[in-house]
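Chemist: The following file, my_file-v9.pdb, comprises PDB, C-alpha atoms:
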MODEL        1
ATOM      1  CA  MET A 211      -5.191  -6.799  24.385
ATOM      2  CA  LYS A 212      -8.315  -7.395  22.258
ATOM      3  CA  THR A 213      -9.587  -3.922  23.127
ATOM      4  CA  HIS A 214      -6.222  -2.374  22.258
ATOM      5  CA  VAL A 215      -6.163  -4.080  18.862
ATOM      6  CA  THR A 216      -9.727  -2.959  18.113
ATOM      7  CA  LEU A 217      -8.927   0.655  18.991
ATOM      8  CA  LEU A 218      -5.706   0.451  16.967
ATOM      9  CA  LEU A 219      -7.494  -0.758  13.842
ATOM     10  CA  LEU A 220     -10.200   1.870  14.218
ATOM     11  CA  SER A 221      -7.505   4.521  14.580
ATOM     12  CA  MET A 222      -5.806   3.291  11.386
ATOM     13  CA  LEU A 223      -9.080   3.460   9.494
ATOM     14  CA  ALA A 224     -10.081   6.830  10.888
ATOM     15  CA  ILE A 225      -6.724   8.571  10.678
ATOM     16  CA  GLY A 226      -3.792   6.728   9.115
ATOM     17  CA  SER A 227      -5.336   5.403   5.949
ATOM     18  CA  ILE A 228      -7.604   8.339   5.114
ATOM     19  CA  ASN A 229      -4.702  10.728   5.474
ATOM     20  CA  ALA A 230      -2.546   8.499   3.287
ATOM     21  CA  GLN A 231       0.097   8.640   5.993
ATOM     22  CA  THR A 232       2.254   6.108   7.698
ATOM     23  CA  MET A 233       1.073   4.485  10.898
ATOM     24  CA  THR A 234       2.502   5.964  14.036
ATOM     25  CA  LYS A 235       5.758   4.431  15.196
ATOM     26  CA  GLU A 236       3.979   3.197  18.319
ATOM     27  CA  ASP A 237       1.214   1.424  16.382
ATOM     28  CA  LEU A 238       3.628  -0.204  13.946
ATOM     29  CA  SER A 239       5.875  -1.275  16.812
ATOM     30  CA  TYR A 240       2.843  -2.765  18.567
ATOM     31  CA  LEU A 241       1.820  -4.861  15.563
ATOM     32  CA  SER A 242       5.414  -6.034  15.053
ATOM     33  CA  GLN A 243       6.191  -6.535  18.744
ATOM     34  CA  SER A 244       7.802  -9.941  18.109
ATOM     35  CA  TRP A 245      10.747  -8.050  16.592
ATOM     36  CA  LYS A 246      13.251  -7.187  19.324
ATOM     37  CA  GLY A 247      15.973  -5.566  17.231
ATOM     38  CA  GLU A 248      16.763  -2.164  15.764
ATOM     39  CA  ARG A 249      14.042  -0.114  14.069
ATOM     40  CA  PHE A 250      13.933   2.717  11.564
ATOM     41  CA  SER A 251      12.641   6.080  12.739
ATOM     42  CA  ASP A 252       9.205   5.224  11.288
ATOM     43  CA  GLY A 253       8.987   2.070  13.431
ATOM     44  CA  ARG A 254       9.825  -0.464  10.741
ATOM     45  CA  PRO A 255      11.973  -3.389  11.896
ATOM     46  CA  LYS A 256      15.499  -3.019  10.494
ATOM     47  CA  VAL A 257      16.752  -6.398   9.348
ATOM     48  CA  SER A 258      20.547  -6.137   9.170
ATOM     49  CA  ASP A 259      22.481  -5.551   5.951
ATOM     50  CA  ASP A 260      24.430  -8.755   6.621
ATOM     51  CA  LEU A 261      21.201 -10.736   6.736
ATOM     52  CA  LEU A 262      20.015  -9.120   3.493
ATOM     53  CA  ASN A 263      23.221 -10.251   1.787
ATOM     54  CA  ARG A 264      22.843 -13.779   3.149
ATOM     55  CA  ALA A 265      19.197 -13.881   2.041
ATOM     56  CA  LYS A 266      20.270 -13.262  -1.566
ATOM     57  CA  LYS A 267      21.826 -16.742  -1.617
ATOM     58  CA  ILE A 268      19.085 -18.897  -0.104
ATOM     59  CA  GLY A 269      16.427 -20.837  -1.973
ATOM     60  CA  ILE A 270      12.823 -19.726  -1.710
ATOM     61  CA  ASP A 271      11.637 -23.341  -1.394
ATOM     62  CA  GLU A 272      13.750 -23.915   1.714
ATOM     63  CA  ALA A 273      12.709 -20.604   3.273
ATOM     64  CA  TRP A 274       9.029 -21.375   2.564
ATOM     65  CA  THR A 275       9.374 -24.741   4.300
ATOM     66  CA  VAL A 276      10.807 -23.132   7.422
ATOM     67  CA  LEU A 277       7.913 -20.648   7.562
ATOM     68  CA  GLN A 278       5.414 -23.498   7.194
ATOM     69  CA  ASN A 279       7.017 -25.237  10.153
ATOM     70  CA  GLU A 280       6.598 -22.048  12.192
ATOM     71  CA  GLY A 281       2.889 -21.817  11.336
ATOM     72  CA  TYR A 282       3.144 -18.994   8.773
ATOM     73  CA  PHE A 283       1.044 -20.320   5.900
ATOM     74  CA  ASN A 284       0.149 -17.087   4.054
ATOM     75  CA  GLN A 285       3.535 -15.650   3.059
ATOM     76  CA  PHE A 286       4.089 -16.848  -0.538
ATOM     77  CA  GLU A 287       2.466 -15.468  -3.687
ATOM     78  CA  GLY A 288       2.994 -16.747  -7.231
ATOM     79  CA  GLY A 289       1.615 -15.747 -10.612
ATOM     80  CA  TRP A 290       3.963 -12.881 -11.495
ATOM     81  CA  LYS A 291       5.654 -11.417 -14.545
ATOM     82  CA  SER A 292       9.039  -9.754 -14.142
ATOM     83  CA  VAL A 293      11.213  -7.275 -16.008
ATOM     84  CA  ASN A 294      14.317  -9.457 -15.702
ATOM     85  CA  ASP A 295      14.034 -13.128 -14.694
ATOM     86  CA  SER A 296      17.734 -13.319 -13.816
ATOM     87  CA  ILE A 297      17.578 -10.669 -11.062
ATOM     88  CA  ARG A 298      16.269 -11.509  -7.602
ATOM     89  CA  ILE A 299      14.639  -8.841  -5.452
ATOM     90  CA  VAL A 300      15.724  -9.005  -1.808
ATOM     91  CA  GLY A 301      15.176  -6.318   0.817
ATOM     92  CA  ARG A 302      13.157  -4.735   3.607
ATOM     93  CA  VAL A 303       9.517  -4.086   2.761
ATOM     94  CA  VAL A 304       7.974  -0.628   2.457
ATOM     95  CA  THR A 305       4.246  -0.980   1.806
ATOM     96  CA  ALA A 306       1.838   1.176  -0.193
ATOM     97  CA  SER A 307      -1.884   0.552  -0.549
ATOM     98  CA  PHE A 308      -3.974   2.077  -3.345
ATOM     99  CA  MET A 309      -7.730   2.108  -3.805
ATOM    100  CA  PRO A 310     -10.081   3.165  -6.602
ATOM    101  CA  SER A 311     -10.265   6.941  -6.708
ATOM    102  CA  ARG A 312     -13.177   8.826  -5.163
ATOM    103  CA  PRO A 313     -13.181  12.617  -5.771
ATOM    104  CA  ASP A 314     -14.131  13.875  -2.317
ATOM    105  CA  VAL A 315     -11.660  11.608  -0.529
ATOM    106  CA  LEU A 316      -8.904  12.297  -3.066
ATOM    107  CA  VAL A 317      -9.202  16.038  -2.409
ATOM    108  CA  ALA A 318      -8.762  15.413   1.317
ATOM    109  CA  VAL A 319      -5.798  13.077   0.737
ATOM    110  CA  LYS A 320      -3.993  15.584  -1.492
ATOM    111  CA  GLU A 321      -4.706  18.511   0.839
ATOM    112  CA  LYS A 322      -3.255  16.583   3.756
ATOM    113  CA  GLY A 323      -0.293  15.500   1.651
ATOM    114  CA  LYS A 324       0.422  19.094   0.666
ATOM    115  CA  LYS A 325       0.375  20.179   4.314
ATOM    116  CA  ASP A 326       2.818  17.359   5.107
ATOM    117  CA  GLY A 327       5.188  18.499   2.356
ATOM    118  CA  ARG A 328       4.529  15.647  -0.046
ATOM    119  CA  LYS A 329       5.217  16.382  -3.708
ATOM    120  CA  GLY A 330       3.857  15.050  -6.987
ATOM    121  CA  ASP A 331       1.061  12.540  -7.485
ATOM    122  CA  THR A 332       0.287  10.094  -4.712
ATOM    123  CA  ASN A 333       2.117   7.227  -6.453
ATOM    124  CA  ALA A 334       5.357   9.206  -5.958
ATOM    125  CA  TRP A 335       4.856   9.682  -2.203
ATOM    126  CA  PRO A 336       6.060   6.203  -1.156
ATOM    127  CA  ILE A 337       9.180   6.565  -3.322
ATOM    128  CA  ALA A 338      10.264   9.620  -1.338
ATOM    129  CA  THR A 339      10.415   7.494   1.835
ATOM    130  CA  LEU A 340      12.649   4.746   0.429
ATOM    131  CA  GLN A 341      16.121   3.950   1.740
ATOM    132  CA  ARG A 342      18.969   1.684   0.626
ATOM    133  CA  GLY A 343      17.926  -1.950   0.809
ATOM    134  CA  ASP A 344      14.177  -1.218   0.803
ATOM    135  CA  VAL A 345      11.717  -2.890  -1.554
ATOM    136  CA  LEU A 346       8.502  -1.039  -2.379
ATOM    137  CA  VAL A 347       5.568  -3.481  -2.242
ATOM    138  CA  VAL A 348       2.350  -2.075  -3.700
ATOM    139  CA  ASP A 349      -1.216  -3.275  -3.346
ATOM    140  CA  ASN A 350      -2.984  -1.833  -6.386
ATOM    141  CA  PHE A 351      -5.818  -4.398  -6.171
ATOM    142  CA  GLY A 352      -4.602  -6.198  -9.327
ATOM    143  CA  LYS A 353      -5.444  -3.311 -11.654
ATOM    144  CA  ILE A 354      -3.766  -3.581 -15.080
ATOM    145  CA  LYS A 355      -5.164  -0.973 -17.526
ATOM    146  CA  ASP A 356      -4.681   2.435 -15.894
ATOM    147  CA  GLY A 357      -3.006   0.609 -13.011
ATOM    148  CA  THR A 358       0.617   1.250 -13.974
ATOM    149  CA  ILE A 359       2.218   2.391 -10.717
ATOM    150  CA  VAL A 360       5.568   3.320 -12.290
ATOM    151  CA  GLY A 361       7.320   3.648 -15.632
ATOM    152  CA  ASP A 362      11.033   3.858 -16.348
ATOM    153  CA  ASN A 363      11.444   7.334 -14.786
ATOM    154  CA  LEU A 364      10.015   6.376 -11.405
ATOM    155  CA  GLY A 365      11.669   2.967 -11.753
ATOM    156  CA  SER A 366      15.026   4.721 -12.018
ATOM    157  CA  ALA A 367      14.189   6.830  -8.963
ATOM    158  CA  ILE A 368      13.332   3.695  -6.999
ATOM    159  CA  PHE A 369      16.527   1.913  -7.989
ATOM    160  CA  ASN A 370      18.707   4.944  -7.265
ATOM    161  CA  LYS A 371      17.319   5.050  -3.724
ATOM    162  CA  THR A 372      17.153   1.343  -2.918
ATOM    163  CA  GLY A 373      19.393  -0.648  -5.256
ATOM    164  CA  THR A 374      16.585  -3.214  -5.487
ATOM    165  CA  GLY A 375      13.227  -3.057  -7.279
ATOM    166  CA  ILE A 376       9.459  -3.060  -6.839
ATOM    167  CA  ILE A 377       6.667  -5.589  -6.366
ATOM    168  CA  VAL A 378       3.241  -4.514  -7.616
ATOM    169  CA  ASP A 379      -0.104  -6.276  -7.368
ATOM    170  CA  GLY A 380      -1.036  -4.347 -10.481
ATOM    171  CA  ALA A 381       0.943  -3.182 -13.496
ATOM    172  CA  VAL A 382       3.870  -1.061 -14.641
ATOM    173  CA  ARG A 383       4.593   0.568 -18.002
ATOM    174  CA  ASP A 384       7.730   1.145 -20.146
ATOM    175  CA  HIS A 385       9.002  -2.424 -20.010
ATOM    176  CA  ASP A 386      11.886  -1.685 -22.390
ATOM    177  CA  GLY A 387      13.009   1.319 -20.375
ATOM    178  CA  LEU A 388      12.769  -0.551 -17.079
ATOM    179  CA  SER A 389      14.761  -3.471 -18.495
ATOM    180  CA  GLN A 390      17.639  -1.102 -19.259
ATOM    181  CA  ILE A 391      18.077  -0.127 -15.587
ATOM    182  CA  LYS A 392      21.029  -2.336 -14.692
ATOM    183  CA  GLY A 393      20.347  -4.341 -11.538
ATOM    184  CA  PHE A 394      16.654  -3.370 -11.340
ATOM    185  CA  ASN A 395      13.715  -5.741 -11.414
ATOM    186  CA  ALA A 396       9.947  -5.497 -11.000
ATOM    187  CA  PHE A 397       7.521  -8.295 -10.155
ATOM    188  CA  VAL A 398       4.086  -7.338 -11.511
ATOM    189  CA  ARG A 399       0.825  -8.910 -12.566
ATOM    190  CA  ASP A 400       1.265  -7.535 -16.091
ATOM    191  CA  PHE A 401       2.612  -4.701 -18.234
ATOM    192  CA  HIS A 402       0.430  -2.086 -19.935
ATOM    193  CA  PRO A 403       1.068   1.089 -21.990
ATOM    194  CA  SER A 404      -1.575   3.146 -20.156
ATOM    195  CA  PHE A 405      -0.885   5.775 -17.522
ATOM    196  CA  LEU A 406      -1.982   5.481 -13.898
ATOM    197  CA  LYS A 407      -5.402   6.975 -13.227
ATOM    198  CA  GLU A 408      -8.484   6.608 -11.066
ATOM    199  CA  VAL A 409      -6.499   5.303  -8.086
ATOM    200  CA  MET A 410      -5.294   7.019  -4.928
ATOM    201  CA  LEU A 411      -2.864   6.201  -2.144
ATOM    202  CA  MET A 412      -4.705   5.201   1.023
ATOM    203  CA  GLY A 413      -1.991   3.578   3.110
ATOM    204  CA  LEU A 414       1.762   4.021   3.452
ATOM    205  CA  ASN A 415       3.707   1.604   5.642
ATOM    206  CA  THR A 416       0.551  -0.082   6.870
ATOM    207  CA  PRO A 417      -0.231  -3.818   6.741
ATOM    208  CA  ILE A 418      -1.383  -4.834   3.247
ATOM    209  CA  ARG A 419      -2.626  -7.860   1.351
ATOM    210  CA  ILE A 420      -0.787  -9.050  -1.751
ATOM    211  CA  GLY A 421      -2.875 -11.795  -3.307
ATOM    212  CA  GLY A 422      -3.185 -14.393  -0.574
ATOM    213  CA  THR A 423      -0.393 -13.018   1.590
ATOM    214  CA  PHE A 424      -0.278 -10.758   4.632
ATOM    215  CA  VAL A 425       2.559  -8.235   4.378
ATOM    216  CA  MET A 426       3.998  -6.042   7.130
ATOM    217  CA  PRO A 427       6.333  -3.062   6.757
ATOM    218  CA  GLY A 428       9.847  -4.269   7.564
ATOM    219  CA  ASP A 429       9.289  -7.848   6.389
ATOM    220  CA  LEU A 430      12.217  -9.458   4.593
ATOM    221  CA  VAL A 431      11.098 -10.148   1.011
ATOM    222  CA  ILE A 432      12.851 -12.547  -1.339
ATOM    223  CA  THR A 433      11.932 -13.496  -4.901
ATOM    224  CA  ASP A 434      12.834 -16.029  -7.544
ATOM    225  CA  LYS A 435      11.196 -17.375 -10.679
ATOM    226  CA  GLU A 436       8.591 -19.199  -8.590
ATOM    227  CA  GLY A 437       7.285 -16.066  -6.926
ATOM    228  CA  VAL A 438       7.565 -13.826  -3.876
ATOM    229  CA  LEU A 439       8.041 -14.779  -0.222
ATOM    230  CA  PHE A 440       7.462 -12.367   2.669
ATOM    231  CA  ILE A 441       9.396 -13.347   5.813
ATOM    232  CA  PRO A 442       8.364 -11.707   9.098
ATOM    233  CA  ALA A 443      11.293  -9.686  10.415
ATOM    234  CA  HIS A 444      11.471 -11.527  13.739
ATOM    235  CA  LEU A 445      11.882 -14.848  11.889
ATOM    236  CA  ALA A 446      14.381 -13.625   9.299
ATOM    237  CA  GLU A 447      17.525 -14.749  11.137
ATOM    238  CA  SER A 448      16.124 -18.212  11.826
ATOM    239  CA  VAL A 449      14.666 -18.691   8.333
ATOM    240  CA  VAL A 450      17.855 -17.615   6.573
ATOM    241  CA  GLY A 451      20.054 -19.701   8.876
ATOM    242  CA  ILE A 452      18.034 -22.885   8.434
ATOM    243  CA  ALA A 453      17.690 -22.311   4.666
ATOM    244  CA  GLU A 454      21.487 -21.960   4.455
ATOM    245  CA  PHE A 455      21.856 -25.199   6.372
ATOM    246  CA  ILE A 456      19.404 -27.028   4.108
ATOM    247  CA  ASP A 457      21.351 -25.889   1.032
ATOM    248  CA  SER A 458      24.636 -27.065   2.580
ATOM    249  CA  LYS A 459      23.063 -30.323   3.747
ATOM    250  CA  ASP A 460      21.859 -31.101   0.233
ATOM    251  CA  ARG A 461      25.282 -30.460  -1.296
ATOM    252  CA  PHE A 462      26.952 -32.562   1.387
ATOM    253  CA  GLY A 463      24.489 -35.404   0.889
ATOM    254  CA  LYS A 464      24.961 -35.542  -2.869
ATOM    255  CA  GLU A 465      28.741 -35.559  -2.491
ATOM    256  CA  MET A 466      28.668 -38.307   0.148
ATOM    257  CA  MET A 467      26.421 -40.530  -1.964
ATOM    258  CA  GLN A 468      28.510 -39.946  -5.083
ATOM    259  CA  GLN A 469      31.576 -41.036  -3.118
ATOM    260  CA  ASN A 470      29.664 -44.000  -1.601
ATOM    261  CA  LYS A 471      30.498 -42.803   1.913
ATOM    262  CA  PHE A 472      26.876 -42.902   3.040
ATOM    263  CA  SER A 473      23.746 -44.426   1.542
ATOM    264  CA  ALA A 474      20.620 -42.545   0.501
ATOM    265  CA  GLY A 475      18.852 -43.970   3.541
ATOM    266  CA  GLU A 476      21.495 -42.600   5.882
ATOM    267  CA  ILE A 477      21.346 -39.152   4.276
ATOM    268  CA  ASP A 478      17.573 -38.811   3.898
ATOM    269  CA  ASN A 479      16.650 -39.896   7.423
ATOM    270  CA  GLN A 480      17.681 -38.534  10.816
ATOM    271  CA  TRP A 481      21.457 -38.405  10.799
ATOM    272  CA  SER A 482      23.541 -40.678  12.977
ATOM    273  CA  ASN A 483      26.437 -39.261  14.992
ATOM    274  CA  GLU A 484      28.763 -40.527  12.284
ATOM    275  CA  VAL A 485      26.978 -38.566   9.566
ATOM    276  CA  ARG A 486      26.810 -35.460  11.764
ATOM    277  CA  GLU A 487      30.531 -35.526  12.451
ATOM    278  CA  ALA A 488      31.224 -36.060   8.747
ATOM    279  CA  PHE A 489      29.107 -33.012   7.922
ATOM    280  CA  ILE A 490      30.998 -30.800  10.400
ATOM    281  CA  GLN A 491      34.294 -31.973   8.896
ATOM    282  CA  TRP A 492      32.929 -31.344   5.391
ATOM    283  CA  LEU A 493      32.064 -27.769   6.336
ATOM    284  CA  THR A 494      35.628 -27.060   7.466
ATOM    285  CA  LYS A 495      36.837 -28.147   4.017
ATOM    286  CA  HIS A 496      34.320 -25.849   2.325
ATOM    287  CA  PRO A 497      34.868 -22.325   3.714
ATOM    288  CA  GLU A 498      32.408 -20.942   1.161
ATOM    289  CA  GLU A 499      29.625 -22.642   3.152
ATOM    290  CA  ARG A 500      28.250 -20.971   6.261
ATOM    291  CA  GLN A 501      29.968 -22.601   9.207
ATOM    292  CA  ILE A 502      27.926 -23.966  12.122
ATOM    293  CA  SER A 503      28.825 -25.771  15.331
ATOM    294  CA  ARG A 504      27.862 -29.312  16.270
ATOM    295  CA  LYS A 505      25.429 -27.829  18.806
ATOM    296  CA  GLN A 506      23.732 -25.746  16.104
ATOM    297  CA  LEU A 507      23.584 -28.788  13.826
ATOM    298  CA  ASP A 508      21.858 -30.839  16.524
ATOM    299  CA  GLU A 509      19.350 -28.023  17.086
ATOM    300  CA  PHE A 510      18.559 -27.821  13.354
ATOM    301  CA  LEU A 511      18.112 -31.570  13.055
ATOM    302  CA  ALA A 512      15.916 -31.750  16.161
ATOM    303  CA  LYS A 513      13.269 -29.720  14.263
ATOM    304  CA  ARG A 514      13.843 -31.437  10.926
ATOM    305  CA  THR A 515      10.710 -31.947   8.833
ATOM    306  CA  TRP A 516      12.373 -31.470   5.437
TER     307      TRP A 516
ENDMDL
END
Would you mind writing the file out in structure tokens?
Modeler:
Amino acid sequence: MKTHVTLLLLSMLAIGSINAQTMTKEDLSYLSQSWKGERFSDGRPKVSDDLLNRAKKIGIDEAWTVLQNEGYFNQFEGGWKSVNDSIRIVGRVVTASFMPSRPDVLVAVKEKGKKDGRKGDTNAWPIATLQRGDVLVVDNFGKIKDGTIVGDNLGSAIFNKTGTGIIVDGAVRDHDGLSQIKGFNAFVRDFHPSFLKEVMLMGLNTPIRIGGTFVMPGDLVITDKEGVLFIPAHLAESVVGIAEFIDSKDRFGKEMMQQNKFSAGEIDNQWSNEVREAFIQWLTKHPEERQISRKQLDEFLAKRTW
């Protein structure tokens, strides 16, 4: 397996990145082999629409805790500015990696792009690949001045395709125009009036680094005011399910203590059978909560570290 990985990475460097193309479906599937579900034609894991809708309601703190318990320590990044603090970005990741421009390589990238039917500047190429529910995540190496990946025109194009937004380790321009796109949001390092220049696209739907995080195409990304969390696709169902349970558990606990049915010690420690049965009964009286069985509850609590 070590030899296969080495050859795969060399192939990405020698072919995929220099040509500013996506990885092959086979290579992307290999790197995301823990995902056993449906995939897009490009090889990206396809987290279900139902799970995307559920993910819009979970807290990022709870989801982060679940990932920590699974040994995924490099999935959260803070330190962002956003176009609209009230709008969360949730969706399936499409990655784009930019590097400082170098004339000889840029000529080769654009020539290859033209042969492949790509149109416009390289910052528009990833937008053409987007689908409903996607979130474009861009590594622009933190560049602010001359690092504005999109303005309001491309922002509108992104939102029309995805219904979500964009996350940029870099900058965007036209804050006022972007803020007028109803439902759109952008998480960025900063805003700047300059135009994009002296950068070129070197990777599309390849693994990227955003700050201190490792991001894969097809990851489930969720945001809130604290920052951005990238959830590996194969863990999305588990993370969302446990996060939903934690939210319900907290509401149940507060209600039980307010009504003096259980003490803080009974709620904050491992639950007795009495508390567990009370929780199941509480769920049936709250259909807005996600319903779980007693067996599922016992499984959640067996791994409890929160």
Chemist: What's around region 285-289 of chain A at 8 Å? Count all atoms listed in the file, leave out sequence neighbours fewer than 5 positions away in its own chain, and write the answer as a ChimeraX atom specification.
Modeler: /A:274,399,420-425,436-441
Chemist: Given the choices A:Trp335, A:Trp492, A:Phe462, A:Trp290, which gets closest to Val304 (chain A) if the distance is worked out from only C-alpha atoms?
Modeler: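 That would be A:Trp335, the residue with the smallest distance to Val304 (chain A).
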Chemist: CA of Gly361 (chain A) and CA of Gly413 (chain A) are how many Å apart?
Modeler: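 Separation between CA of Gly361 (chain A) and CA of Gly413 (chain A): 20.9 Å.
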Chemist: Report as a PyMOL selection string the residues that result from applying the PyMOL selection byres ((chain A and resi 411) around 12) to the structure here.
Modeler: chain A and resi 226-232+305-312+315-320+322-323+331-336+348-351+359+406-410+412-416
Chemist: One number please: CA of Leu346 (chain A) to CA of Phe401 (chain A), in Å, one decimal.
Modeler: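 Going from CA of Leu346 (chain A) over to CA of Phe401 (chain A), I get 17.3 Å.
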Chemist: Could you list, as number ranges by chain, every residue matched by the PyMOL selection byres ((chain A and resi 256) around 12) in this structure?
Modeler: A: 239, 242, 245-255, 257-262, 301-304, 341-344, 427-430, 442-444, 446-447
Chemist: To one decimal place, how far is CA of Ala273 (chain A) from CA of Gln501 (chain A) in Å?
Modeler: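 Distance reported for this atom pair: 18.4 Å.
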Chemist: List the residues matched by the PyMOL selection byres ((chain A and resi 383) around 10) in the displayed structure as a ChimeraX atom specification, ordered by chain and then by residue number.
Modeler: /A:354-362,365,381-382,384-388,400-406
Chemist: List as a ChimeraX atom specification: which residues have an atom within 10 Å of (12.9, -16.7, -5.5), counting all atoms listed in the file?
Modeler: /A:266-271,273,295,297-300,431-439
Chemist: Any idea what's packed within 10 Å of region 468-473 of chain A, counting all atoms listed in the file, ignoring anything in its chain fewer than 5 positions away? Could you give it as a tab-separated table (two decimals) with C-alpha atoms, in the frame of the given file?
Modeler:
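This is the output file result37.tsv:
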chain	number	residue	atom	x	y	z
A	462	PHE	CA	26.95	-32.56	1.39
A	463	GLY	CA	24.49	-35.40	0.89
A	478	ASP	CA	17.57	-38.81	3.90
A	484	GLU	CA	28.76	-40.53	12.28
A	485	VAL	CA	26.98	-38.57	9.57
A	488	ALA	CA	31.22	-36.06	8.75
Chemist: Env of Lys505 (chain A): 12 Å cut, atoms = all atoms listed in the file, seq-sep filter 5 positions within chain, self excluded. Answer as a list in words.
Modeler: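 So, after excluding close chain neighbours, the residues are Arg486, Glu487, Ile490, Phe510, Leu511 and Ala512 of chain A.
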Chemist: Which residue is closest to Thr372 (chain A)? Choose from A:Ala265, A:Ile337, A:Val347, A:Ile391 and count only C-alpha atoms.
Modeler: A:Ile337
